[in-house]
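So this block is upload.tsv, TSV, C-alpha atoms (C1' of nucleotides):
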```
chain	number	residue	atom	x	y	z
D	1048	MET	CA	-26.17	-32.99	-27.95
D	1049	THR	CA	-24.20	-29.84	-27.26
D	1050	ASP	CA	-24.00	-30.78	-23.63
D	1051	GLU	CA	-22.83	-34.19	-24.65
D	1052	ALA	CA	-20.12	-32.64	-26.80
D	1053	HIS	CA	-19.06	-30.36	-23.98
D	1054	ALA	CA	-18.78	-33.28	-21.63
D	1055	ARG	CA	-16.64	-35.24	-24.07
D	1056	ARG	CA	-14.31	-32.35	-24.60
D	1057	ALA	CA	-14.09	-31.68	-20.90
D	1058	GLY	CA	-13.14	-35.30	-20.44
D	1059	ALA	CA	-10.37	-34.94	-22.97
D	1060	LEU	CA	-9.11	-31.84	-21.19
D	1061	ASP	CA	-9.13	-33.75	-17.94
D	1062	ARG	CA	-6.81	-36.30	-19.49
D	1063	ILE	CA	-4.47	-33.58	-20.60
D	1064	LEU	CA	-4.41	-32.09	-17.14
D	1065	GLU	CA	-3.74	-35.41	-15.52
D	1066	LEU	CA	-1.07	-36.22	-18.07
D	1067	SER	CA	0.64	-32.98	-17.28
D	1068	VAL	CA	0.66	-33.75	-13.58
D	1069	LEU	CA	1.87	-37.30	-14.02
D	1070	VAL	CA	4.61	-36.42	-16.48
D	1071	ASN	CA	5.91	-33.86	-14.08
D	1072	ALA	CA	5.82	-36.29	-11.19
D	1073	ASP	CA	7.60	-38.93	-13.21
D	1074	MET	CA	10.34	-36.59	-14.36
D	1075	THR	CA	10.89	-35.20	-10.90
D	1076	GLN	CA	11.06	-38.66	-9.44
D	1077	SER	CA	13.39	-40.19	-11.98
D	1078	LEU	CA	15.70	-37.18	-12.09
D	1079	ALA	CA	15.97	-37.20	-8.32
D	1080	ARG	CA	17.69	-40.57	-8.58
D	1081	ASP	CA	20.53	-38.80	-10.40
D	1082	GLN	CA	20.60	-35.91	-7.94
D	1083	LEU	CA	18.97	-33.68	-10.53
D	1084	THR	CA	15.94	-31.45	-10.70
D	1085	VAL	CA	13.82	-30.75	-13.76
D	1086	SER	CA	15.31	-27.29	-14.25
D	1087	ARG	CA	18.89	-28.42	-13.80
D	1088	ALA	CA	18.32	-31.25	-16.24
D	1089	HIS	CA	16.97	-28.68	-18.66
D	1090	VAL	CA	20.27	-26.81	-18.42
D	1091	LEU	CA	22.18	-30.02	-19.08
D	1092	TRP	CA	19.93	-30.68	-22.03
D	1093	GLU	CA	20.67	-27.32	-23.59
D	1094	LEU	CA	24.38	-27.78	-23.03
D	1095	ARG	CA	24.27	-31.17	-24.67
D	1096	HIS	CA	22.75	-29.69	-27.80
D	1097	ARG	CA	24.70	-26.43	-27.86
D	1098	GLY	CA	28.04	-27.35	-26.42
D	1099	PRO	CA	29.72	-25.09	-23.85
D	1100	SER	CA	27.59	-21.98	-23.54
D	1101	THR	CA	27.44	-18.67	-21.84
D	1102	GLN	CA	24.93	-18.28	-19.03
D	1103	ARG	CA	23.28	-15.55	-21.04
D	1104	VAL	CA	22.69	-17.98	-23.89
D	1105	LEU	CA	21.26	-20.54	-21.50
D	1106	ALA	CA	18.96	-17.95	-19.97
D	1107	ASP	CA	17.58	-16.97	-23.36
D	1108	ALA	CA	17.26	-20.57	-24.48
D	1109	MET	CA	15.29	-21.51	-21.39
D	1110	GLY	CA	13.27	-18.33	-21.22
D	1111	VAL	CA	14.40	-17.57	-17.73
D	1112	SER	CA	16.25	-14.68	-16.09
D	1113	ALA	CA	20.03	-14.54	-15.99
D	1114	ARG	CA	19.84	-14.64	-12.23
D	1115	THR	CA	18.00	-17.93	-12.30
D	1116	ILE	CA	20.69	-19.46	-14.48
D	1117	THR	CA	23.33	-18.38	-12.00
D	1118	GLY	CA	21.50	-20.37	-9.34
D	1119	LEU	CA	20.96	-23.43	-11.49
D	1120	VAL	CA	24.58	-23.50	-12.60
D	1121	ASP	CA	25.66	-23.07	-8.98
D	1122	GLY	CA	23.75	-26.23	-8.17
D	1123	LEU	CA	25.14	-28.15	-11.12
D	1124	VAL	CA	28.69	-27.10	-10.26
D	1125	ALA	CA	28.21	-28.15	-6.65
D	1126	THR	CA	27.00	-31.58	-7.73
D	1127	GLY	CA	29.74	-31.98	-10.32
D	1128	PHE	CA	27.71	-31.93	-13.52
D	1129	VAL	CA	29.28	-28.85	-15.07
D	1130	THR	CA	32.16	-26.44	-14.60
D	1131	ARG	CA	32.47	-22.73	-15.22
D	1132	GLU	CA	35.33	-21.98	-17.58
D	1133	PRO	CA	36.53	-18.54	-18.54
D	1134	HIS	CA	35.32	-17.39	-21.92
D	1135	PRO	CA	38.30	-17.21	-24.30
D	1136	THR	CA	37.53	-13.76	-25.63
D	1137	ASP	CA	34.95	-12.15	-23.37
D	1138	ARG	CA	36.18	-11.80	-19.83
D	1139	ARG	CA	32.75	-10.90	-18.51
D	1140	ALA	CA	31.29	-14.20	-19.57
D	1141	THR	CA	31.77	-17.76	-18.34
D	1142	LEU	CA	31.42	-20.85	-20.45
D	1143	VAL	CA	29.39	-23.50	-18.75
D	1144	THR	CA	30.83	-26.87	-19.71
D	1145	VAL	CA	29.53	-30.36	-19.02
D	1146	THR	CA	31.89	-32.57	-17.02
D	1147	GLU	CA	32.57	-36.19	-17.79
D	1148	HIS	CA	30.14	-37.18	-15.08
D	1149	GLY	CA	27.55	-34.80	-16.48
D	1150	ALA	CA	28.01	-36.23	-19.96
D	1151	LYS	CA	27.62	-39.76	-18.69
D	1152	ILE	CA	24.38	-38.99	-16.87
D	1153	THR	CA	23.02	-37.00	-19.78
D	1154	ALA	CA	23.70	-39.81	-22.21
D	1155	ALA	CA	21.97	-42.22	-19.86
D	1156	MET	CA	18.99	-39.89	-19.63
D	1157	GLU	CA	18.77	-39.73	-23.37
D	1158	SER	CA	18.67	-43.47	-23.86
D	1159	GLY	CA	16.31	-43.75	-20.91
D	1160	GLN	CA	14.05	-41.36	-22.77
D	1161	VAL	CA	13.90	-43.64	-25.79
D	1162	GLU	CA	13.23	-46.61	-23.59
D	1163	PHE	CA	10.48	-44.73	-21.82
D	1164	ALA	CA	8.87	-43.74	-25.10
D	1165	SER	CA	8.84	-47.39	-26.08
D	1166	LEU	CA	7.20	-48.30	-22.81
D	1167	LEU	CA	4.45	-45.76	-23.37
D	1168	PHE	CA	3.80	-46.48	-27.02
D	1169	ASP	CA	4.77	-50.07	-27.70
D	1170	GLU	CA	1.16	-51.09	-28.15
D	1171	PHE	CA	0.47	-48.38	-30.72
D	1172	ASP	CA	0.83	-49.43	-34.32
D	1173	ALA	CA	2.15	-46.93	-36.83
D	1174	ALA	CA	-1.30	-45.61	-37.72
D	1175	ASP	CA	-2.31	-45.22	-34.07
D	1176	LEU	CA	0.85	-43.35	-33.35
D	1177	ASP	CA	0.37	-41.05	-36.30
D	1178	ARG	CA	-3.16	-40.24	-35.26
D	1179	PHE	CA	-2.07	-39.63	-31.70
D	1180	VAL	CA	0.74	-37.36	-32.76
D	1181	ALA	CA	-1.55	-35.49	-35.13
D	1182	GLY	CA	-4.02	-34.95	-32.30
D	1183	MET	CA	-1.28	-33.76	-30.02
D	1184	ASP	CA	0.06	-31.38	-32.64
D	1185	HIS	CA	-3.37	-29.92	-33.09
D	1186	VAL	CA	-3.79	-29.38	-29.37
D	1187	LEU	CA	-0.28	-27.98	-29.06
D	1188	ALA	CA	-0.91	-25.47	-31.81
D	1189	LYS	CA	-4.10	-24.29	-30.14
D	1190	LEU	CA	-2.37	-24.07	-26.81
D	1191	ARG	CA	0.53	-22.06	-28.14
D	1192	ALA	CA	-1.84	-19.64	-29.80
D	1193	HIS	CA	-3.85	-19.37	-26.58
D	1194	ILE	CA	-0.84	-18.66	-24.42
D	1195	ASP	CA	0.72	-16.13	-26.73
D	1196	PRO	CA	-1.79	-14.75	-29.23
D	1197	THR	CA	0.86	-12.58	-30.87
D	1198	ALA	CA	2.94	-15.63	-31.82
D	1199	ARG	CA	0.16	-16.53	-34.25
D	1200	GLU	CA	0.74	-13.45	-36.31
D	1201	ILE	CA	4.51	-13.84	-36.45
D	1202	GLN	CA	4.25	-17.27	-37.96
I	802	MET	CA	12.93	-49.99	-39.12
I	803	THR	CA	13.45	-50.30	-35.41
I	804	ASP	CA	15.29	-47.01	-35.44
I	805	GLU	CA	12.42	-45.55	-37.36
I	806	ALA	CA	9.98	-46.81	-34.77
I	807	HIS	CA	12.10	-45.43	-31.95
I	808	ALA	CA	12.22	-42.05	-33.60
I	809	ARG	CA	8.45	-41.97	-34.01
I	810	ARG	CA	7.89	-42.86	-30.41
I	811	ALA	CA	10.45	-40.34	-29.25
I	812	GLY	CA	8.60	-37.75	-31.27
I	813	ALA	CA	5.36	-38.65	-29.55
I	814	LEU	CA	7.03	-38.36	-26.17
I	815	ASP	CA	8.37	-34.96	-27.14
I	816	ARG	CA	4.81	-33.83	-27.77
I	817	ILE	CA	3.76	-35.05	-24.37
I	818	LEU	CA	6.62	-33.21	-22.71
I	819	GLU	CA	5.85	-30.02	-24.53
I	820	LEU	CA	2.16	-30.36	-23.77
I	821	SER	CA	2.96	-30.70	-20.12
I	822	VAL	CA	5.05	-27.55	-20.17
I	823	LEU	CA	2.48	-25.54	-22.09
I	824	VAL	CA	-0.45	-26.65	-20.00
I	825	ASN	CA	1.38	-25.60	-16.91
I	826	ALA	CA	2.29	-22.25	-18.38
I	827	ASP	CA	-1.28	-21.65	-19.48
I	828	MET	CA	-2.74	-22.51	-16.10
I	829	THR	CA	-0.23	-20.39	-14.24
I	830	GLN	CA	-0.87	-17.47	-16.53
I	831	SER	CA	-4.63	-17.61	-16.50
I	832	LEU	CA	-4.86	-18.21	-12.75
I	833	ALA	CA	-2.58	-15.26	-12.11
I	834	ARG	CA	-5.28	-13.02	-13.54
I	835	ASP	CA	-7.49	-14.05	-10.62
I	836	GLN	CA	-4.68	-13.63	-8.09
I	837	LEU	CA	-4.39	-17.38	-7.80
I	838	THR	CA	-1.63	-19.94	-8.12
I	839	VAL	CA	-2.00	-23.50	-9.36
I	840	SER	CA	-1.77	-24.95	-5.87
I	841	ARG	CA	-4.20	-22.51	-4.35
I	842	ALA	CA	-6.63	-23.19	-7.16
I	843	HIS	CA	-6.26	-26.87	-6.41
I	844	VAL	CA	-7.33	-26.20	-2.83
I	845	LEU	CA	-10.34	-24.27	-4.08
I	846	TRP	CA	-11.14	-27.12	-6.43
I	847	GLU	CA	-11.15	-29.65	-3.62
I	848	LEU	CA	-13.32	-27.41	-1.49
I	849	ARG	CA	-15.77	-27.00	-4.32
I	850	HIS	CA	-16.20	-30.73	-4.57
I	851	ARG	CA	-16.06	-31.60	-0.88
I	852	GLY	CA	-17.62	-28.61	0.78
I	853	PRO	CA	-16.04	-27.10	3.91
I	854	SER	CA	-13.14	-29.36	4.92
I	855	THR	CA	-10.47	-29.63	7.55
I	856	GLN	CA	-6.93	-28.92	6.50
I	857	ARG	CA	-6.05	-32.52	7.23
I	858	VAL	CA	-8.58	-33.70	4.66
I	859	LEU	CA	-7.25	-31.25	2.10
I	860	ALA	CA	-3.69	-32.39	2.73
I	861	ASP	CA	-4.59	-36.01	2.15
I	862	ALA	CA	-6.68	-35.19	-0.90
I	863	MET	CA	-3.87	-33.25	-2.50
I	864	GLY	CA	-1.10	-35.58	-1.42
I	865	VAL	CA	0.78	-32.83	0.35
I	866	SER	CA	1.93	-32.27	3.93
I	867	ALA	CA	-0.33	-30.63	6.49
I	868	ARG	CA	2.19	-27.83	6.79
I	869	THR	CA	1.89	-27.02	3.12
I	870	ILE	CA	-1.89	-26.72	3.44
I	871	THR	CA	-1.46	-24.30	6.29
I	872	GLY	CA	0.54	-22.08	3.96
I	873	LEU	CA	-1.82	-22.39	1.03
I	874	VAL	CA	-4.85	-21.65	3.18
I	875	ASP	CA	-2.99	-18.69	4.69
I	876	GLY	CA	-2.63	-17.31	1.20
I	877	LEU	CA	-6.24	-17.96	0.26
I	878	VAL	CA	-7.45	-16.33	3.47
I	879	ALA	CA	-5.25	-13.29	2.84
I	880	THR	CA	-6.67	-12.90	-0.65
I	881	GLY	CA	-10.24	-13.46	0.50
I	882	PHE	CA	-11.04	-16.75	-1.19
I	883	VAL	CA	-11.69	-18.80	1.93
I	884	THR	CA	-12.15	-18.42	5.66
I	885	ARG	CA	-11.14	-20.61	8.57
I	886	GLU	CA	-14.13	-21.54	10.67
I	887	PRO	CA	-14.03	-23.45	13.94
I	888	HIS	CA	-14.95	-27.11	13.59
I	889	PRO	CA	-18.28	-27.69	15.36
I	890	THR	CA	-17.15	-30.75	17.30
I	891	ASP	CA	-13.37	-31.00	17.10
I	892	ARG	CA	-11.68	-27.99	18.61
I	893	ARG	CA	-8.30	-28.92	17.19
I	894	ALA	CA	-9.52	-28.67	13.64
I	895	THR	CA	-10.57	-25.78	11.44
I	896	LEU	CA	-13.06	-25.93	8.63
I	897	VAL	CA	-11.84	-24.20	5.53
I	898	THR	CA	-14.83	-22.60	3.82
I	899	VAL	CA	-15.07	-20.88	0.47
I	900	THR	CA	-16.19	-17.26	0.61
I	901	GLU	CA	-18.67	-15.73	-1.78
I	902	HIS	CA	-15.84	-14.23	-3.75
I	903	GLY	CA	-14.09	-17.60	-3.83
I	904	ALA	CA	-17.24	-19.28	-5.06
I	905	LYS	CA	-17.70	-16.73	-7.78
I	906	ILE	CA	-14.17	-17.14	-9.08
I	907	THR	CA	-14.34	-20.90	-8.85
I	908	ALA	CA	-17.54	-21.00	-10.83
I	909	ALA	CA	-15.99	-18.77	-13.47
I	910	MET	CA	-12.96	-21.05	-13.63
I	911	GLU	CA	-15.19	-24.02	-14.14
I	912	SER	CA	-17.04	-22.54	-17.07
I	913	GLY	CA	-13.76	-21.21	-18.43
I	914	GLN	CA	-12.56	-24.77	-18.37
I	915	VAL	CA	-15.39	-25.93	-20.58
I	916	GLU	CA	-14.80	-23.07	-22.94
I	917	PHE	CA	-11.12	-23.87	-23.10
I	918	ALA	CA	-11.84	-27.52	-23.86
I	919	SER	CA	-14.00	-26.38	-26.73
I	920	LEU	CA	-11.24	-24.20	-28.04
I	921	LEU	CA	-8.79	-27.08	-28.02
I	922	PHE	CA	-11.06	-29.70	-29.50
I	923	ASP	CA	-13.63	-27.94	-31.63
I	924	GLU	CA	-12.10	-29.30	-34.82
I	925	PHE	CA	-12.18	-32.90	-33.61
I	926	ASP	CA	-15.19	-34.88	-34.70
I	927	ALA	CA	-16.60	-37.48	-32.32
I	928	ALA	CA	-14.44	-40.28	-33.71
I	929	ASP	CA	-11.27	-38.19	-33.54
I	930	LEU	CA	-12.01	-37.27	-29.99
I	931	ASP	CA	-12.65	-40.86	-29.01
I	932	ARG	CA	-9.41	-41.99	-30.54
I	933	PHE	CA	-7.52	-39.19	-28.88
I	934	VAL	CA	-9.01	-39.96	-25.49
I	935	ALA	CA	-8.30	-43.65	-25.92
I	936	GLY	CA	-4.68	-42.88	-26.73
I	937	MET	CA	-4.42	-40.61	-23.73
I	938	ASP	CA	-5.95	-43.22	-21.47
I	939	HIS	CA	-3.46	-45.76	-22.65
I	940	VAL	CA	-0.55	-43.44	-22.01
I	941	LEU	CA	-1.97	-42.43	-18.64
I	942	ALA	CA	-2.28	-46.03	-17.56
I	943	LYS	CA	1.30	-46.75	-18.51
I	944	LEU	CA	2.48	-43.64	-16.77
I	945	ARG	CA	0.63	-44.42	-13.57
I	946	ALA	CA	2.11	-47.89	-13.53
I	947	HIS	CA	5.56	-46.51	-14.18
I	948	ILE	CA	5.40	-43.96	-11.41
I	949	ASP	CA	3.99	-46.29	-8.82
I	950	PRO	CA	4.52	-49.95	-9.78
I	951	THR	CA	2.68	-51.13	-6.67
I	952	ALA	CA	-0.51	-49.35	-7.70
I	953	ARG	CA	-0.79	-51.84	-10.54
I	954	GLU	CA	-1.27	-54.71	-8.15
I	955	ILE	CA	-3.82	-52.94	-6.01
I	956	GLN	CA	-6.08	-52.35	-8.94
L	157	DG	C1'	42.02	7.33	-27.50
L	158	DC	C1'	38.33	7.99	-24.58
L	159	DA	C1'	33.74	8.78	-22.86
L	160	DA	C1'	29.05	6.96	-23.20
L	161	DT	C1'	26.46	2.98	-23.46
L	162	DA	C1'	25.43	-1.90	-23.51
L	163	DT	C1'	26.10	-6.48	-21.69
L	164	DA	C1'	27.48	-10.73	-18.42
L	165	DG	C1'	27.09	-12.25	-14.13
L	166	DT	C1'	25.94	-11.92	-9.16
L	167	DG	C1'	24.43	-10.08	-4.33
L	168	DA	C1'	20.28	-8.81	-1.94
L	169	DG	C1'	15.72	-9.31	-1.08
L	170	DG	C1'	11.04	-11.46	-2.19
L	171	DC	C1'	7.32	-14.78	-3.51
L	172	DC	C1'	5.69	-19.50	-3.89
L	173	DA	C1'	5.59	-24.65	-3.21
L	174	DC	C1'	7.44	-28.26	-0.80
L	175	DC	C1'	9.53	-30.89	3.26
L	176	DT	C1'	10.82	-32.40	8.17
L	177	DC	C1'	10.91	-31.83	13.04
L	178	DA	C1'	9.15	-30.22	17.35
L	179	DC	C1'	5.34	-28.81	19.99
L	180	DA	C1'	0.79	-27.24	22.04
L	181	DA	C1'	-3.93	-28.19	22.21
L	182	DT	C1'	-7.25	-31.39	22.07
L	183	DG	C1'	-9.65	-35.95	21.27
L	184	DA	C1'	-10.36	-40.87	22.20
L	185	DG	C1'	-9.74	-45.25	24.55
L	186	DG	C1'	-8.74	-47.79	28.37
S	1259	DC	C1'	-7.42	-39.94	34.77
S	1260	DC	C1'	-3.79	-41.22	31.93
S	1261	DT	C1'	-1.79	-42.64	27.85
S	1262	DC	C1'	-1.67	-42.30	22.85
S	1263	DA	C1'	-3.16	-40.32	18.45
S	1264	DT	C1'	-4.28	-36.41	15.83
S	1265	DT	C1'	-4.76	-31.22	14.13
S	1266	DG	C1'	-2.53	-27.41	13.06
S	1267	DT	C1'	1.50	-24.35	13.13
S	1268	DG	C1'	6.36	-22.29	14.26
S	1269	DA	C1'	11.03	-22.89	12.85
S	1270	DG	C1'	14.20	-23.89	9.53
S	1271	DG	C1'	15.62	-25.78	4.91
S	1272	DT	C1'	15.59	-26.73	-0.44
S	1273	DG	C1'	14.51	-25.29	-4.99
S	1274	DG	C1'	12.65	-22.39	-8.77
S	1275	DC	C1'	11.45	-17.93	-10.12
S	1276	DC	C1'	11.68	-12.60	-10.25
S	1277	DT	C1'	13.39	-7.62	-9.90
S	1278	DC	C1'	16.73	-4.21	-8.73
S	1279	DA	C1'	21.30	-2.56	-7.98
S	1280	DC	C1'	26.03	-3.00	-8.97
S	1281	DT	C1'	30.75	-4.51	-10.88
S	1282	DA	C1'	33.57	-5.69	-14.50
S	1283	DT	C1'	34.09	-5.72	-19.02
S	1284	DA	C1'	32.86	-5.08	-24.00
S	1285	DT	C1'	31.49	-1.96	-27.78
S	1286	DT	C1'	30.46	2.19	-30.10
S	1287	DG	C1'	30.85	6.69	-31.43
S	1288	DC	C1'	32.90	10.74	-31.55
```
Would you put the structure from the file into structure tokens?
Amino acid sequence: MTDEAHARRAGALDRILELSVLVNADMTQSLARDQLTVSRAHVLWELRHRGPSTQRVLADAMGVSARTITGLVDGLVATGFVTREPHPTDRRATLVTVTEHGAKITAAMESGQVEFASLLFDEFDAADLDRFVAGMDHVLAKLRAHIDPTAREIQ
Amino acid sequence: MTDEAHARRAGALDRILELSVLVNADMTQSLARDQLTVSRAHVLWELRHRGPSTQRVLADAMGVSARTITGLVDGLVATGFVTREPHPTDRRATLVTVTEHGAKITAAMESGQVEFASLLFDEFDAADLDRFVAGMDHVLAKLRAHIDPTAREIQ
DNA sequence: GCAATATAGTGAGGCCACCTCACAATGAGG
DNA sequence: CCTCATTGTGAGGTGGCCTCACTATATTGC
């Protein structure tokens, strides 16, 4: 019985692992069509929600070093998704700003996201979806606590 | 109502995306404690299930170029997880073999896996778990089809 | 007002995961 | 024996990450 339970749980974990791999593959693949990478798209995403931002802000938002942001922004500038504008008051800083092209692609990504969600979940009724989301939330909470045990105590 | 449905689905997709990120972070972090990376662990995993293998076999199994395997095996040899043995009949090939140390770590990883699954799912009863797994399977199937539309027709 | 200190961004140098292309050694089939 | 295929690896490239050192510019605190 305990073995049985272990096997079931292991099976569930296997699904999570495979999901993780597939999601990553899918994102990489579909972003490549727009000349983007996952990390660069992440930058665009932050900019879309924050408006023109300093690289420092982006670094903190993405949990990555300032140096890494420099590289990612370099790539986005080279491919025409963003520009570096001088910060109006702080001459050390640059404001990373999405170009028209960047905005167009980002908007398309966003609606593609919704479409993709529909593709994945169209056969779930409301109750199914709720149960699925509840399960995911539970797993996510456990995962977060496992990765950073101190985060538990803060909140 | 349709907007409502879209929002719910988008929320579910958000969970999947976050799960993917967290799972990756967790694996990277916990493997680092054993001086391993995700890719190197994947090699070890294949070896555990296949026994001593040529690099060509590993490359095909992992869906990666032969050159990449050379690099991964280089790393695993340097850190003492595997050795390169001459192939008994084909002098072009090398048999990658897990060392004692590699076997020990791999076994520990495997039982850690089970333990981790228990941590994530201990509060799910059998029915919950079944529903969760069914939901995951559904999403996985859709994802697989989306990534490689031709795979659908093959099976 | 000016010196001490903090902060924004980047060059240099490194690690890891990938890839392609070219090539040597070897195997397999005719 | 002579092609043709295959195994593995050097060379060279891309991308994501990091740390450390350094410049230019704030900010703070006498």
When the cut-off is 7 Å and we count only C-alpha atoms (C1' of nucleotides), which residues of chain S are near chain D, given as a list of chain:residue names? S:DC1275, S:DA1282, S:DT1283
Using all atoms listed in the file, find each residue of chain I with at least one atom at most 6 Å away from an atom of chain D; report its shortest atom-to-atom pair and that distance in Å (one decimal), sort the rows by chain and rising residue number, and return the result as CSV.
```
residue,atom,partner,partner_atom,distance
I:Arg810,CA,D:Ala1164,CA,5.5
I:Ala811,CA,D:Ala1164,CA,5.6
I:Ala813,CA,D:Val1180,CA,5.8
I:Leu814,CA,D:Ala1164,CA,5.8
I:Ser821,CA,D:Ser1067,CA,4.3
I:Asp827,CA,D:Ile1194,CA,5.8
I:Val915,CA,D:Ala1057,CA,5.9
I:Ala918,CA,D:Arg1056,CA,5.5
I:Leu921,CA,D:Val1186,CA,5.7
I:Val934,CA,D:Ala1059,CA,5.8
I:Val940,CA,D:Leu1167,CA,5.7
I:Lys943,CA,D:Leu1167,CA,5.9
I:Ile948,CA,D:Asp1073,CA,5.8
```
Please produce an output containing C-alpha atoms for each residue in the selection, written as an mmCIF file, in the coordinates of the input.
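For reference, again_30.cif as written:
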```
data_model
loop_
_atom_site.group_PDB
_atom_site.id
_atom_site.type_symbol
_atom_site.label_atom_id
_atom_site.label_comp_id
_atom_site.auth_asym_id
_atom_site.auth_seq_id
_atom_site.Cartn_x
_atom_site.Cartn_y
_atom_site.Cartn_z
ATOM 1 C CA ARG I 810 7.890 -42.860 -30.410
ATOM 2 C CA ALA I 811 10.450 -40.340 -29.250
ATOM 3 C CA ALA I 813 5.360 -38.650 -29.550
ATOM 4 C CA LEU I 814 7.030 -38.360 -26.170
ATOM 5 C CA SER I 821 2.960 -30.700 -20.120
ATOM 6 C CA ASP I 827 -1.280 -21.650 -19.480
ATOM 7 C CA VAL I 915 -15.390 -25.930 -20.580
ATOM 8 C CA ALA I 918 -11.840 -27.520 -23.860
ATOM 9 C CA LEU I 921 -8.790 -27.080 -28.020
ATOM 10 C CA VAL I 934 -9.010 -39.960 -25.490
ATOM 11 C CA VAL I 940 -0.550 -43.440 -22.010
ATOM 12 C CA LYS I 943 1.300 -46.750 -18.510
ATOM 13 C CA ILE I 948 5.400 -43.960 -11.410
#
```
For a quick test of understanding: name the residues of chain L lying within 8 Å of chain D when counting all atoms listed in the file, and present them as a ChimeraX atom specification. /L:164-166
Quick one: 8 Å padding each side, axis-aligned, all listed atoms of range 1184-1194 of chain D - centre and edge lengths in Å to one decimal, as AutoDock Vina command-line options?
```
--center_x -1.8 --center_y -25.0 --center_z -28.8 --size_x 20.6 --size_y 28.7 --size_z 24.7
```
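Compared by their closest atoms to DG1274 in chain S, and using only C-alpha atoms (C1' of nucleotides), the residues L:DG183, L:DA173, L:DG167, L:DA159 rank with L:DA173 nearest.
The gap separating CA of His1148 in chain D from CA of Ala1125 in chain D is 12.5 Å, in Å to one decimal.
Between C1' of DA184 in chain L and C1' of DC1260 in chain S the separation is 11.7 Å.
Reported to one decimal place, the separation of CA of Gly852 in chain I from CA of Pro889 in chain I is 14.6 Å.
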Gly881 in chain I environment, 10 Å, all atoms listed in the file, sequence neighbours closer than 3 positions dropped, as a PDB file with C-alpha atoms, in the coordinates of the input:
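New file part_31.pdb:
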```pdb
ATOM      1  CA  ASP I 875      -2.990 -18.690   4.690  1.00  0.00           C
ATOM      2  CA  GLY I 876      -2.630 -17.310   1.200  1.00  0.00           C
ATOM      3  CA  LEU I 877      -6.240 -17.960   0.260  1.00  0.00           C
ATOM      4  CA  VAL I 878      -7.450 -16.330   3.470  1.00  0.00           C
ATOM      5  CA  THR I 884     -12.150 -18.420   5.660  1.00  0.00           C
ATOM      6  CA  VAL I 899     -15.070 -20.880   0.470  1.00  0.00           C
ATOM      7  CA  THR I 900     -16.190 -17.260   0.610  1.00  0.00           C
ATOM      8  CA  GLU I 901     -18.670 -15.730  -1.780  1.00  0.00           C
ATOM      9  CA  HIS I 902     -15.840 -14.230  -3.750  1.00  0.00           C
ATOM     10  CA  GLY I 903     -14.090 -17.600  -3.830  1.00  0.00           C
TER      11      GLY I 903
END
```
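The closest residue to DT1285 in chain S, picked from L:DC175, L:DA168, L:DA180, L:DA162 and counting all atoms listed in the file, is L:DA162.
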